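Next comes final.cif, a file with mmCIF, C-alpha atoms, pLDDT in the B column; chains and numbers go by the auth columns.
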```
data_entry
loop_
_atom_site.group_PDB
_atom_site.id
_atom_site.type_symbol
_atom_site.label_atom_id
_atom_site.label_comp_id
_atom_site.label_asym_id
_atom_site.label_seq_id
_atom_site.Cartn_x
_atom_site.Cartn_y
_atom_site.Cartn_z
_atom_site.B_iso_or_equiv
_atom_site.auth_seq_id
_atom_site.auth_asym_id
ATOM 1 C CA MET A 1 79.737 101.017 121.960 48.00 1 A
ATOM 2 C CA LEU A 2 80.114 100.849 125.706 52.00 2 A
ATOM 3 C CA THR A 3 80.206 104.106 127.615 50.00 3 A
ATOM 4 C CA CYS A 4 82.721 106.685 128.784 50.00 4 A
ATOM 5 C CA ARG A 5 83.455 106.910 132.451 51.00 5 A
ATOM 6 C CA LYS A 6 84.225 110.216 134.138 49.00 6 A
ATOM 7 C CA VAL A 7 87.097 110.210 136.557 48.00 7 A
ATOM 8 C CA ALA A 8 87.878 113.289 138.636 46.00 8 A
ATOM 9 C CA GLU A 9 91.553 113.870 139.245 44.00 9 A
ATOM 10 C CA ARG A 10 92.167 116.180 142.171 44.00 10 A
ATOM 11 C CA VAL A 11 95.380 118.167 142.180 43.00 11 A
ATOM 12 C CA LYS A 12 96.284 120.107 145.314 45.00 12 A
ATOM 13 C CA TRP A 13 96.527 123.575 143.734 48.00 13 A
ATOM 14 C CA LEU A 14 94.277 123.203 140.700 53.00 14 A
ATOM 15 C CA GLN A 15 90.588 122.817 140.125 54.00 15 A
ATOM 16 C CA PRO A 16 89.366 119.214 139.689 55.00 16 A
ATOM 17 C CA ARG A 17 89.873 118.006 136.143 57.00 17 A
ATOM 18 C CA ILE A 18 87.504 115.552 134.453 61.00 18 A
ATOM 19 C CA VAL A 19 89.202 112.864 132.375 63.00 19 A
ATOM 20 C CA LEU A 20 87.144 110.687 130.029 84.00 20 A
ATOM 21 C CA TYR A 21 88.123 107.119 129.285 90.00 21 A
ATOM 22 C CA LYS A 22 86.480 105.370 126.368 93.00 22 A
ATOM 23 C CA VAL A 23 85.842 101.640 126.302 95.00 23 A
ATOM 24 C CA ASP A 24 84.551 100.408 122.966 94.00 24 A
ATOM 25 C CA ALA A 25 83.910 96.969 121.480 96.00 25 A
ATOM 26 C CA THR A 26 83.658 95.300 118.110 96.00 26 A
ATOM 27 C CA LEU A 27 80.139 94.309 117.101 96.00 27 A
ATOM 28 C CA THR A 28 80.809 90.629 117.824 95.00 28 A
ATOM 29 C CA ALA A 29 82.331 91.330 121.251 96.00 29 A
ATOM 30 C CA ALA A 30 79.506 93.741 122.155 96.00 30 A
ATOM 31 C CA ARG A 31 76.888 91.106 121.269 96.00 31 A
ATOM 32 C CA MET A 32 78.652 88.467 123.359 94.00 32 A
ATOM 33 C CA MET A 33 78.928 90.788 126.372 95.00 33 A
ATOM 34 C CA SER A 34 75.271 91.788 126.093 95.00 34 A
ATOM 35 C CA ARG A 35 74.235 88.130 126.457 94.00 35 A
ATOM 36 C CA ILE A 36 75.968 87.774 129.822 94.00 36 A
ATOM 37 C CA PRO A 37 74.427 89.798 132.663 93.00 37 A
ATOM 38 C CA GLY A 38 76.964 92.112 134.299 94.00 38 A
ATOM 39 C CA LEU A 39 79.859 91.297 131.976 96.00 39 A
ATOM 40 C CA ARG A 40 79.744 94.552 130.022 94.00 40 A
ATOM 41 C CA HIS A 41 79.931 96.649 133.205 95.00 41 A
ATOM 42 C CA ARG A 42 82.706 94.494 134.692 95.00 42 A
ATOM 43 C CA VAL A 43 84.780 94.721 131.482 96.00 43 A
ATOM 44 C CA GLU A 44 84.325 98.492 131.287 95.00 44 A
ATOM 45 C CA GLU A 45 85.290 98.932 134.943 95.00 45 A
ATOM 46 C CA THR A 46 88.373 96.711 134.641 96.00 46 A
ATOM 47 C CA LEU A 47 89.647 98.241 131.391 96.00 47 A
ATOM 48 C CA THR A 48 89.142 101.766 132.713 95.00 48 A
ATOM 49 C CA GLY A 49 91.292 100.803 135.688 94.00 49 A
ATOM 50 C CA ILE A 50 93.955 99.417 133.354 93.00 50 A
ATOM 51 C CA ILE A 51 94.006 102.649 131.326 92.00 51 A
ATOM 52 C CA GLU A 52 94.244 104.744 134.522 91.00 52 A
ATOM 53 C CA THR A 53 97.097 102.593 135.830 89.00 53 A
ATOM 54 C CA ALA A 54 99.027 102.716 132.546 85.00 54 A
ATOM 55 C CA GLU A 55 98.673 106.511 132.440 84.00 55 A
ATOM 56 C CA GLU A 56 99.946 106.834 136.010 84.00 56 A
ATOM 57 C CA ILE A 57 102.956 104.605 135.264 81.00 57 A
ATOM 58 C CA ARG A 58 103.754 106.692 132.219 80.00 58 A
ATOM 59 C CA ARG A 59 103.267 109.981 134.087 80.00 59 A
ATOM 60 C CA LEU A 60 105.040 109.150 137.353 80.00 60 A
ATOM 61 C CA HIS A 61 107.888 107.036 136.094 73.00 61 A
ATOM 62 C CA GLY A 62 108.296 108.305 132.542 71.00 62 A
ATOM 63 C CA HIS A 63 108.123 104.761 131.198 64.00 63 A
ATOM 64 C CA ASP A 64 107.726 104.182 127.490 65.00 64 A
ATOM 65 C CA LEU A 65 104.617 102.062 127.166 60.00 65 A
ATOM 66 C CA SER A 66 104.855 101.787 123.393 59.00 66 A
ATOM 67 C CA MET A 67 104.832 97.993 123.711 57.00 67 A
ATOM 68 C CA MET A 68 101.103 98.379 124.396 57.00 68 A
ATOM 69 C CA THR A 69 100.354 99.278 120.808 58.00 69 A
ATOM 70 C CA ILE A 70 96.922 99.284 119.271 60.00 70 A
ATOM 71 C CA GLU A 71 98.024 96.474 116.922 72.00 71 A
ATOM 72 C CA GLN A 72 98.804 93.850 119.572 79.00 72 A
ATOM 73 C CA PRO A 73 95.769 92.568 121.531 88.00 73 A
ATOM 74 C CA MET A 74 96.207 91.828 125.219 91.00 74 A
ATOM 75 C CA ARG A 75 94.198 89.307 127.195 93.00 75 A
ATOM 76 C CA LEU A 76 92.372 89.595 130.477 93.00 76 A
ATOM 77 C CA HIS A 77 90.870 86.678 132.392 92.00 77 A
ATOM 78 C CA LEU A 78 87.597 87.789 133.956 91.00 78 A
ATOM 79 C CA GLY A 79 85.611 85.041 135.662 88.00 79 A
ATOM 80 C CA GLU A 80 84.829 82.401 133.047 91.00 80 A
ATOM 81 C CA TYR A 81 85.818 84.652 130.140 94.00 81 A
ATOM 82 C CA ILE A 82 88.941 85.732 128.319 95.00 82 A
ATOM 83 C CA ILE A 83 88.662 89.314 127.076 96.00 83 A
ATOM 84 C CA SER A 84 90.995 90.297 124.225 96.00 84 A
ATOM 85 C CA TYR A 85 91.442 94.047 124.004 95.00 85 A
ATOM 86 C CA LEU A 86 93.566 96.798 122.477 93.00 86 A
ATOM 87 C CA LEU A 87 94.809 99.864 124.345 90.00 87 A
ATOM 88 C CA ASP A 88 95.316 103.300 122.842 88.00 88 A
ATOM 89 C CA LEU A 89 96.789 105.386 125.647 84.00 89 A
ATOM 90 C CA ASP A 90 97.083 108.491 123.477 84.00 90 A
ATOM 91 C CA ARG A 91 93.293 108.522 123.079 89.00 91 A
ATOM 92 C CA ARG A 92 92.657 107.158 126.606 90.00 92 A
ATOM 93 C CA ALA A 93 90.738 104.293 125.048 92.00 93 A
ATOM 94 C CA ALA A 94 90.408 100.522 125.055 94.00 94 A
ATOM 95 C CA LYS A 95 88.644 98.365 122.499 95.00 95 A
ATOM 96 C CA VAL A 96 87.345 94.875 123.249 97.00 96 A
ATOM 97 C CA VAL A 97 87.985 92.787 120.154 96.00 97 A
ATOM 98 C CA PHE A 98 86.983 89.314 121.308 94.00 98 A
ATOM 99 C CA VAL A 99 85.202 87.612 124.207 96.00 99 A
ATOM 100 C CA GLU A 100 85.768 83.911 124.752 94.00 100 A
ATOM 101 C CA MET A 101 84.342 81.544 127.358 91.00 101 A
ATOM 102 C CA VAL A 102 86.941 79.258 128.904 87.00 102 A
ATOM 103 C CA THR A 103 86.605 75.925 130.656 74.00 103 A
ATOM 104 C CA ARG A 104 87.768 75.473 134.229 68.00 104 A
ATOM 105 C CA GLU A 105 90.819 73.514 132.995 66.00 105 A
ATOM 106 C CA GLN A 106 91.790 76.331 130.611 61.00 106 A
ATOM 107 C CA ALA A 107 91.301 78.926 133.357 58.00 107 A
ATOM 108 C CA ASP A 108 93.506 76.957 135.767 64.00 108 A
ATOM 109 C CA SER A 109 96.317 76.859 133.199 64.00 109 A
ATOM 110 C CA LEU A 110 96.401 80.659 132.786 58.00 110 A
ATOM 111 C CA PRO A 111 99.189 82.563 134.516 57.00 111 A
ATOM 112 C CA VAL A 112 98.037 84.052 137.826 51.00 112 A
ATOM 113 C CA ALA A 113 99.067 87.548 136.647 46.00 113 A
ATOM 114 C CA CYS A 114 96.338 87.707 133.996 48.00 114 A
ATOM 115 C CA ARG A 115 93.476 86.627 136.273 48.00 115 A
ATOM 116 C CA VAL A 116 90.898 88.916 137.818 49.00 116 A
ATOM 117 C CA PRO A 117 88.891 87.497 140.749 45.00 117 A
ATOM 118 C CA ARG A 118 85.481 86.162 139.836 44.00 118 A
ATOM 119 C CA CYS A 119 82.711 88.725 140.251 40.00 119 A
ATOM 120 C CA ASP A 120 79.510 87.626 142.028 38.00 120 A
ATOM 121 C CA VAL A 121 77.527 88.967 139.078 37.00 121 A
ATOM 122 C CA LEU A 122 79.339 86.554 136.762 41.00 122 A
ATOM 123 C CA ALA A 123 79.124 83.536 139.068 38.00 123 A
ATOM 124 C CA LYS A 124 76.537 80.990 138.007 35.00 124 A
#
```

Translate the structure of the given file into structure tokens.
Amino acid sequence: MLTCRKVAERVKWLQPRIVLYKVDATLTAARMMSRIPGLRHRVEETLTGIIETAEEIRRLHGHDLSMMTIEQPMRLHLGEYIISYLLDLDRRAAKVVFVEMVTREQADSLPVACRVPRCDVLAK
């Protein structure tokens, strides 16, 4: 299992509230991420940001984000890797189900919208 990250939400008239986001991984995905220095942290940071953003969209705009079900994996391009993950917004959680290394040609063919800039930690 990865770790939970504490995020303080400050509301003008209320005390700060701590919100926990959980990023988990299957055994296979966790092993793959542990072999690549910095990948686990980068995945956790990125998925936590995705969960925070989805919650804000749902809260501010009242959008139904049911299309992001826990049955349909989504993909994230992170450096030389494709991360397949599931979101469970009701539990404020994400689960990495698969980590795949991609070639430069495969990475260039991905839509720009699913790419995350290469992190120095992941650069070879």

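Considering only C-alpha atoms, the residue among A:Leu27, A:Leu39, A:Leu89, A:Ile82 positioned nearest to Ile57 (chain A) is A:Leu89.
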
Go through the shown structure with the PyMOL selection byres ((chain A and resi 49-55) around 8) and write out the matching residues as a PyMOL selection string.
chain A and resi 21+45-48+56-59+65+87+89+92-94

Written selection (C-alpha atoms) as a PDB file, in the frame of the given file:
```pdb
ATOM      1  CA  TYR A  21      88.123 107.119 129.285  1.00 90.00           C
ATOM      2  CA  GLU A  45      85.290  98.932 134.943  1.00 95.00           C
ATOM      3  CA  THR A  46      88.373  96.711 134.641  1.00 96.00           C
ATOM      4  CA  LEU A  47      89.647  98.241 131.391  1.00 96.00           C
ATOM      5  CA  THR A  48      89.142 101.766 132.713  1.00 95.00           C
ATOM      6  CA  GLU A  56      99.946 106.834 136.010  1.00 84.00           C
ATOM      7  CA  ILE A  57     102.956 104.605 135.264  1.00 81.00           C
ATOM      8  CA  ARG A  58     103.754 106.692 132.219  1.00 80.00           C
ATOM      9  CA  ARG A  59     103.267 109.981 134.087  1.00 80.00           C
ATOM     10  CA  LEU A  65     104.617 102.062 127.166  1.00 60.00           C
ATOM     11  CA  LEU A  87      94.809  99.864 124.345  1.00 90.00           C
ATOM     12  CA  LEU A  89      96.789 105.386 125.647  1.00 84.00           C
ATOM     13  CA  ARG A  92      92.657 107.158 126.606  1.00 90.00           C
ATOM     14  CA  ALA A  93      90.738 104.293 125.048  1.00 92.00           C
ATOM     15  CA  ALA A  94      90.408 100.522 125.055  1.00 94.00           C
TER      16      ALA A  94
END
```

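Taking CA of Ala25 (chain A) and CA of Arg75 (chain A) as the two end points, the separation is 14.0 Å.
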
Quick one: apply the PyMOL selection byres ((chain A and resi 102) around 6) to the file and drop the selected residues here as a JSON list (two decimals) with C-alpha atoms, in the frame of the given file.
```json
[["chain", "number", "residue", "atom", "x", "y", "z"],
["A", 80, "GLU", "CA", 84.83, 82.40, 133.05],
["A", 81, "TYR", "CA", 85.82, 84.65, 130.14],
["A", 101, "MET", "CA", 84.34, 81.54, 127.36],
["A", 103, "THR", "CA", 86.60, 75.92, 130.66],
["A", 106, "GLN", "CA", 91.79, 76.33, 130.61]]
```

On this file, the PyMOL selection byres ((chain A and resi 33) around 12) gives some set of residues; write that set as a compact mmCIF listing (two decimals) with C-alpha atoms, in the frame of the given file.
```
# COMPACT_ATOMS: atom_id res chain seq x y z
CA MET A 1 79.74 101.02 121.96
CA LEU A 2 80.11 100.85 125.71
CA ASP A 24 84.55 100.41 122.97
CA ALA A 25 83.91 96.97 121.48
CA THR A 26 83.66 95.30 118.11
CA LEU A 27 80.14 94.31 117.10
CA THR A 28 80.81 90.63 117.82
CA ALA A 29 82.33 91.33 121.25
CA ALA A 30 79.51 93.74 122.16
CA ARG A 31 76.89 91.11 121.27
CA MET A 32 78.65 88.47 123.36
CA SER A 34 75.27 91.79 126.09
CA ARG A 35 74.24 88.13 126.46
CA ILE A 36 75.97 87.77 129.82
CA PRO A 37 74.43 89.80 132.66
CA GLY A 38 76.96 92.11 134.30
CA LEU A 39 79.86 91.30 131.98
CA ARG A 40 79.74 94.55 130.02
CA HIS A 41 79.93 96.65 133.21
CA ARG A 42 82.71 94.49 134.69
CA VAL A 43 84.78 94.72 131.48
CA GLU A 44 84.32 98.49 131.29
CA LEU A 78 87.60 87.79 133.96
CA TYR A 81 85.82 84.65 130.14
CA ILE A 82 88.94 85.73 128.32
CA ILE A 83 88.66 89.31 127.08
CA VAL A 96 87.34 94.88 123.25
CA VAL A 97 87.98 92.79 120.15
CA PHE A 98 86.98 89.31 121.31
CA VAL A 99 85.20 87.61 124.21
CA GLU A 100 85.77 83.91 124.75
CA MET A 101 84.34 81.54 127.36
CA LEU A 122 79.34 86.55 136.76
```

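If you look at CA of Gly62 (chain A) and CA of Leu76 (chain A), they are 24.7 Å away from each other.
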